[in-house]
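Engineer: Pasting work_38.cif here (mmCIF, C-alpha atoms):
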data_protein
#
loop_
_atom_site.label_atom_id
_atom_site.label_comp_id
_atom_site.auth_asym_id
_atom_site.auth_seq_id
_atom_site.Cartn_x
_atom_site.Cartn_y
_atom_site.Cartn_z
CA MET A 1 9.79 0.10 -7.45
CA CYS A 2 11.58 -2.04 -4.90
CA ALA A 3 14.78 -1.51 -2.92
CA GLY A 4 16.75 -4.06 -0.87
CA VAL A 5 15.16 -6.01 1.97
CA SER A 6 16.79 -3.88 4.68
CA ALA A 7 15.86 -0.59 3.00
CA MET A 8 13.29 1.84 4.32
CA GLN A 9 10.99 2.90 1.51
CA ARG A 10 7.98 5.18 1.35
CA ALA A 11 6.02 7.39 -1.05
CA PHE A 12 5.52 11.10 -0.39
CA GLY A 13 3.36 13.75 -2.00
CA ARG A 14 5.02 15.79 -4.72
CA SER A 15 5.22 19.06 -2.81
CA LEU A 16 7.83 20.92 -0.82
CA ASN A 17 5.27 20.74 2.00
CA SER A 18 6.16 17.03 2.28
CA LEU A 19 9.64 17.92 3.48
CA GLY A 20 8.83 17.93 7.20
CA GLU A 21 7.50 14.38 6.88
CA ILE A 22 10.45 13.34 4.71
CA LEU A 23 13.02 14.65 7.20
CA LYS A 24 11.27 12.70 9.98
CA PHE A 25 11.46 9.58 7.79
CA VAL A 26 15.21 10.20 7.41
CA ASP A 27 15.50 10.71 11.19
CA VAL A 28 14.14 7.21 11.79
CA PHE A 29 16.61 5.78 9.28
CA VAL A 30 19.72 7.55 10.64
CA GLU A 31 18.78 6.50 14.17
CA ARG A 32 18.18 2.91 13.10
CA GLU A 33 21.56 2.79 11.34
CA GLY A 34 23.37 4.75 14.08
CA LEU A 35 24.85 7.25 11.62
CA SER A 36 27.14 9.95 13.03
CA GLY A 37 25.94 13.55 13.41
CA LYS A 38 27.80 14.73 10.32
CA LEU A 39 26.58 11.87 8.16
CA ALA A 40 23.03 12.22 9.49
CA PHE A 41 23.09 15.94 8.55
CA ALA A 42 24.44 15.13 5.08
CA THR A 43 21.84 12.40 4.54
CA ARG A 44 18.95 14.75 5.43
CA LEU A 45 20.39 17.43 3.16
CA VAL A 46 20.98 15.16 0.16
CA VAL A 47 17.49 13.66 0.37
CA GLU A 48 15.95 17.15 0.55
CA GLU A 49 18.05 18.55 -2.31
CA LEU A 50 17.22 15.66 -4.63
CA PHE A 51 13.54 15.69 -3.70
CA ALA A 52 13.29 19.48 -4.19
CA ASN A 53 14.97 19.14 -7.60
CA LEU A 54 12.41 16.56 -8.71
CA VAL A 55 9.50 18.65 -7.46
CA ARG A 56 10.76 21.77 -9.20
CA HIS A 57 11.84 20.23 -12.52
CA ASN A 58 9.24 17.52 -13.13
CA GLU A 59 6.07 19.51 -12.62
CA GLY A 60 3.93 17.27 -14.80
CA GLY A 61 4.69 14.04 -12.93
CA GLU A 62 2.40 11.96 -10.73
CA ASP A 63 1.61 13.28 -7.28
CA ARG A 64 4.08 10.97 -5.56
CA VAL A 65 7.81 10.49 -5.22
CA GLU A 66 9.16 7.30 -3.69
CA ILE A 67 12.24 7.42 -1.50
CA SER A 68 14.33 4.52 -0.27
CA LEU A 69 17.25 4.62 2.15
CA ASP A 70 19.59 1.73 2.75
CA VAL A 71 22.95 0.76 4.19
CA ASP A 72 24.36 -2.51 2.93
CA ALA A 73 27.96 -3.74 3.20
CA GLY A 74 29.15 -0.24 4.14
CA LEU A 75 27.39 1.48 1.24
CA LEU A 76 24.79 4.13 2.02
CA THR A 77 22.30 4.32 -0.86
CA LEU A 78 19.55 6.89 -1.35
CA LYS A 79 17.09 6.39 -4.21
CA LEU A 80 14.26 8.62 -5.38
CA TRP A 81 11.74 7.55 -8.04
CA ASP A 82 9.58 9.98 -9.94
CA PHE A 83 6.72 8.78 -12.15
CA SER A 84 5.16 9.82 -15.46
CA VAL A 85 7.90 12.33 -16.18
CA GLU A 86 9.77 13.49 -19.27
CA PRO A 87 13.50 12.65 -19.25
CA PHE A 88 15.43 15.48 -17.58
CA ASP A 89 18.92 14.81 -16.31
CA ILE A 90 19.10 16.65 -13.00
CA VAL A 91 22.64 15.34 -12.42
CA ASP A 92 24.38 16.83 -15.45
CA ARG A 93 24.63 20.52 -14.55
CA GLU A 94 27.32 23.19 -14.68
CA PRO A 95 29.40 23.20 -11.48
CA VAL A 96 28.95 26.17 -9.14
CA ASP A 97 31.87 28.55 -8.65
CA VAL A 98 31.64 29.20 -4.91
CA GLY A 99 34.55 31.63 -5.02
CA ARG A 100 32.73 34.30 -7.02
CA PRO A 101 32.18 37.69 -5.36
CA LEU A 102 28.77 38.42 -3.83
CA GLY A 103 27.51 40.49 -6.78
CA GLU A 104 28.05 37.57 -9.15
CA ARG A 105 26.65 34.82 -6.92
CA THR A 106 23.32 33.11 -7.47
CA ALA A 107 21.79 30.30 -5.44
CA GLY A 108 21.23 28.11 -8.49
CA GLY A 109 23.10 24.81 -8.48
CA LEU A 110 24.04 24.89 -4.80
CA GLY A 111 21.85 21.90 -3.93
CA LEU A 112 23.53 19.67 -6.50
CA HIS A 113 26.91 21.02 -5.39
CA PHE A 114 26.13 19.81 -1.85
CA VAL A 115 24.94 16.40 -3.08
CA LYS A 116 28.11 15.86 -5.10
CA SER A 117 30.30 17.12 -2.24
CA PHE A 118 28.77 14.95 0.49
CA PHE A 119 28.19 11.76 -1.51
CA ASP A 120 30.59 9.75 -3.67
CA ASP A 121 28.40 9.00 -6.65
CA LEU A 122 25.21 10.35 -8.19
CA THR A 123 23.44 8.71 -11.12
CA TYR A 124 20.29 9.35 -13.11
CA GLU A 125 18.18 6.91 -15.13
CA CYS A 126 14.89 7.42 -16.91
CA SER A 127 12.96 4.64 -18.57
CA ASP A 128 9.29 4.41 -19.60
CA GLY A 129 8.52 7.66 -17.82
CA VAL A 130 10.05 6.56 -14.51
CA MET A 131 13.02 8.56 -13.33
CA CYS A 132 15.36 7.17 -10.70
CA VAL A 133 18.07 9.23 -9.04
CA THR A 134 20.59 7.33 -6.91
CA ALA A 135 23.19 8.79 -4.54
CA THR A 136 25.70 6.53 -2.84
CA LYS A 137 28.36 7.00 -0.20
CA ARG A 138 30.89 4.51 1.10
CA ILE A 139 30.82 4.74 4.88
CA GLY A 140 33.53 3.57 7.26
CA ARG A 141 33.37 2.70 10.93
CA SER A 142 33.99 6.35 11.87
CA ASN A 143 30.69 7.32 10.21
CA VAL A 144 28.51 5.04 12.27
CA MET B 1 9.52 22.61 13.31
CA PHE B 2 10.95 25.92 12.14
CA ASP B 3 10.49 29.40 13.55
CA ILE B 4 11.81 32.85 12.75
CA LYS B 5 11.22 35.84 14.96
CA LEU B 6 12.53 39.29 15.75
CA ALA B 7 14.09 39.72 19.22
CA ALA B 8 13.68 42.91 21.25
CA ASP B 9 17.31 43.85 20.58
CA GLY B 10 16.81 43.69 16.80
CA ARG B 11 18.40 40.29 16.20
CA VAL B 12 16.55 37.79 14.04
CA LEU B 13 16.32 34.41 15.76
CA LEU B 14 15.99 31.27 13.67
CA SER B 15 15.22 27.91 15.23
CA GLY B 16 14.55 24.34 14.15
CA ARG B 17 14.90 23.07 10.61
CA LEU B 18 14.87 25.50 7.71
CA ASP B 19 13.90 23.22 4.84
CA ALA B 20 12.64 24.44 1.47
CA SER B 21 9.02 24.55 2.65
CA HIS B 22 9.83 27.45 5.01
CA VAL B 23 11.64 29.67 2.53
CA LYS B 24 8.62 31.91 1.97
CA SER B 25 8.33 32.91 5.64
CA VAL B 26 12.06 33.63 5.85
CA ARG B 27 11.93 35.75 2.70
CA THR B 28 9.03 37.76 4.17
CA VAL B 29 10.96 38.53 7.37
CA LEU B 30 14.27 39.30 5.68
CA SER B 31 12.73 41.49 2.98
CA ALA B 32 11.51 43.85 5.73
CA ILE B 33 15.09 44.41 6.97
CA THR B 34 16.63 47.62 5.65
CA GLN B 35 19.67 48.05 7.93
CA SER B 36 22.55 45.82 8.99
CA CYS B 37 21.21 43.01 11.12
CA THR B 38 22.35 39.97 13.08
CA LEU B 39 20.85 36.56 12.39
CA ASP B 40 21.25 34.31 15.43
CA PHE B 41 21.56 30.64 14.42
CA SER B 42 22.07 29.26 17.92
CA GLU B 43 18.81 27.27 17.76
CA LEU B 44 18.97 26.49 14.05
CA GLU B 45 19.56 22.76 13.49
CA TYR B 46 19.43 22.53 9.73
CA ILE B 47 19.33 24.55 6.53
CA SER B 48 19.29 23.54 2.86
CA SER B 49 20.25 25.27 -0.38
CA LEU B 50 16.95 27.10 -0.85
CA GLY B 51 17.27 28.57 2.65
CA LEU B 52 20.80 29.66 1.85
CA GLY B 53 19.49 31.22 -1.35
CA VAL B 54 17.16 33.49 0.60
CA LEU B 55 20.06 34.60 2.81
CA LEU B 56 22.06 35.34 -0.34
CA GLU B 57 19.23 37.47 -1.80
CA ALA B 58 19.01 39.51 1.40
CA GLN B 59 22.77 39.94 1.64
CA LYS B 60 22.98 41.21 -1.94
CA ARG B 61 20.20 43.72 -1.41
CA LEU B 62 21.59 45.00 1.90
CA THR B 63 25.19 45.16 0.68
CA GLU B 64 24.16 47.27 -2.32
CA ALA B 65 22.65 49.72 0.20
CA GLY B 66 25.84 49.76 2.31
CA HIS B 67 24.60 47.34 4.96
CA GLY B 68 24.90 43.62 5.57
CA LEU B 69 23.94 40.56 7.56
CA VAL B 70 26.01 39.21 10.44
CA ILE B 71 25.45 35.55 11.23
CA THR B 72 26.22 34.25 14.71
CA ASN B 73 26.32 30.94 16.58
CA LEU B 74 26.39 28.52 13.64
CA SER B 75 26.45 24.83 14.50
CA VAL B 76 29.44 22.85 13.27
CA HIS B 77 27.40 21.26 10.48
CA ILE B 78 25.92 24.55 9.26
CA ALA B 79 29.36 26.20 9.43
CA ASP B 80 30.68 23.38 7.21
CA LEU B 81 27.84 24.03 4.77
CA PHE B 82 28.65 27.76 4.67
CA LYS B 83 32.28 26.96 3.81
CA LEU B 84 31.24 24.49 1.13
CA ALA B 85 28.97 27.13 -0.42
CA GLY B 86 31.61 29.86 -0.15
CA PHE B 87 29.24 31.77 2.12
CA ASP B 88 32.01 32.25 4.69
CA LEU B 89 33.49 34.70 2.14
CA ILE B 90 30.35 36.78 1.61
CA PHE B 91 28.83 36.95 5.10
CA GLU B 92 30.30 38.26 8.32
CA ILE B 93 30.27 35.25 10.64
CA ARG B 94 30.83 35.47 14.39
#
As structure tokens - that is how I would like this structure written.
Structural biologist:
Amino acid sequence: MCAGVSAMQRAFGRSLNSLGEILKFVDVFVEREGLSGKLAFATRLVVEELFANLVRHNEGGEDRVEISLDVDAGLLTLKLWDFSVEPFDIVDREPVDVGRPLGERTAGGLGLHFVKSFFDDLTYECSDGVMCVTATKRIGRSNV
Amino acid sequence: MFDIKLAADGRVLLSGRLDASHVKSVRTVLSAITQSCTLDFSELEYISSLGLGVLLEAQKRLTEAGHGLVITNLSVHIADLFKLAGFDLIFEIR
């Protein structure tokens, strides 16, 4: 899998224990691109939420997930590739009702709720056992 | 780096980045709490949905027993996340 020439791309082990390393990878990217504090926080969060979803839902996949991060022409693009997996659309889920009282609340779906709230677009593709999840956000001068 | 510890005054202090890989240690600490308790977020830089889920579990359990968690010193970004999750409605935040 190959992202744009300016993208940062790397493979990580399929385990939540990779998250420390992944967040450091995102740190290097947000510093390189000079993203604002709010956007840097959102970028870390969206990468973690998507990665954690892949790890939890595609248990039979290869022991690696590739992540690429890019900003090109004002578009921030995060891509995650998962290999040797069965098709499972992690994007198409019931929205979370965050106004429900405590007794009726569950944590399920919050991660995707954050991804969809912080980023403009989220797409899923799966072909020949390779799943690709892409999140994009249009960023203005105030974000950088 | 993430850390969770109990202060001498009974507050629970969280620091660093609470990503999904640290949820187990947070669950262990919070499950031992049986009374109302303050979680101090002054050194907490980051939290994700699985971390929030553990807070929700603890709040449900404590509220059913007539207690609850108070969360203090949230950063601007974490406070935004709480609002987005509706957690500002189900936790006492100071």
Engineer: Determine the residue membership of the PyMOL selection byres ((chain B) within 6 of (chain A)) for the file above and supply it as a ChimeraX atom specification.
Structural biologist: /B:21,49,53,85-86,90
Engineer: Applied to the shown file, which residues does the PyMOL selection byres ((chain B and resi 67-82) around 7) return, written as number ranges by chain?
Structural biologist: A: 38; B: 35-42, 46, 59, 62-63, 65-66, 83-88, 91-94
Engineer: Compare A:Asp128, A:Gly13, A:Glu66, A:Gly140 by their minimum atom-to-atom distance to Lys79 (chain A), counting only C-alpha atoms, and give me the closest one.
Structural biologist: A:Glu66
Engineer: Calculate how many Å separate CA of Val28 (chain A) from CA of Glu45 (chain B), rounding to one decimal.
Structural biologist: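 Value for the CA of Val28 (chain A)-CA of Glu45 (chain B) distance: 16.6 Å.
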Engineer: Using CA of His22 (chain B) and CA of Asp27 (chain A) as the two end points, give the distance in Å to one decimal.
Structural biologist: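 Answer for the CA of His22 (chain B) to CA of Asp27 (chain A) separation: 18.7 Å.
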Engineer: For Leu14 (chain B), work out the shell of residues within 7 Å, counting only C-alpha atoms and skipping chain neighbours fewer than 6 positions away, then give it as a ChimeraX atom specification.
Structural biologist: /B:3-5,40-41,43-44
Engineer: How far is it from CA of Ile22 (chain A) to CA of Leu56 (chain B), in Å with one decimal?
Structural biologist: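 Value for the CA of Ile22 (chain A)-CA of Leu56 (chain B) distance: 25.4 Å.
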Engineer: Any idea what's packed within 6 Å of Leu78 (chain A), counting all atoms listed in the file, ignoring anything in its chain fewer than 2 positions away? Could you give it as a VMD selection string?
Structural biologist: chain A and resid 68 to 69 134 to 135
Engineer: Go ahead and dump the residues you just picked, C-alpha atoms, as a tab-separated table (two decimals), in the coordinates of the input.
Structural biologist:
chain	number	residue	atom	x	y	z
A	68	SER	CA	14.33	4.52	-0.27
A	69	LEU	CA	17.25	4.62	2.15
A	134	THR	CA	20.59	7.33	-6.91
A	135	ALA	CA	23.19	8.79	-4.54
Engineer: Is there a way to get, as a ChimeraX atom specification, all residues within 10 Å of the point (12.3, 35.9, 6.4) in file coordinates, counting all atoms listed in the file?
Structural biologist: /B:3-6,12,14,22-33,51,54-55,58
Engineer: Just the residues within 9 Å of Ser6 (chain A), please, counting all atoms listed in the file, with nothing from its chain fewer than 3 positions along; format it as a list in words.
Structural biologist: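 Using all atoms listed in the file, the neighbours found are Ala3, Leu69, Asp70, Val71 and Asp72 of chain A.
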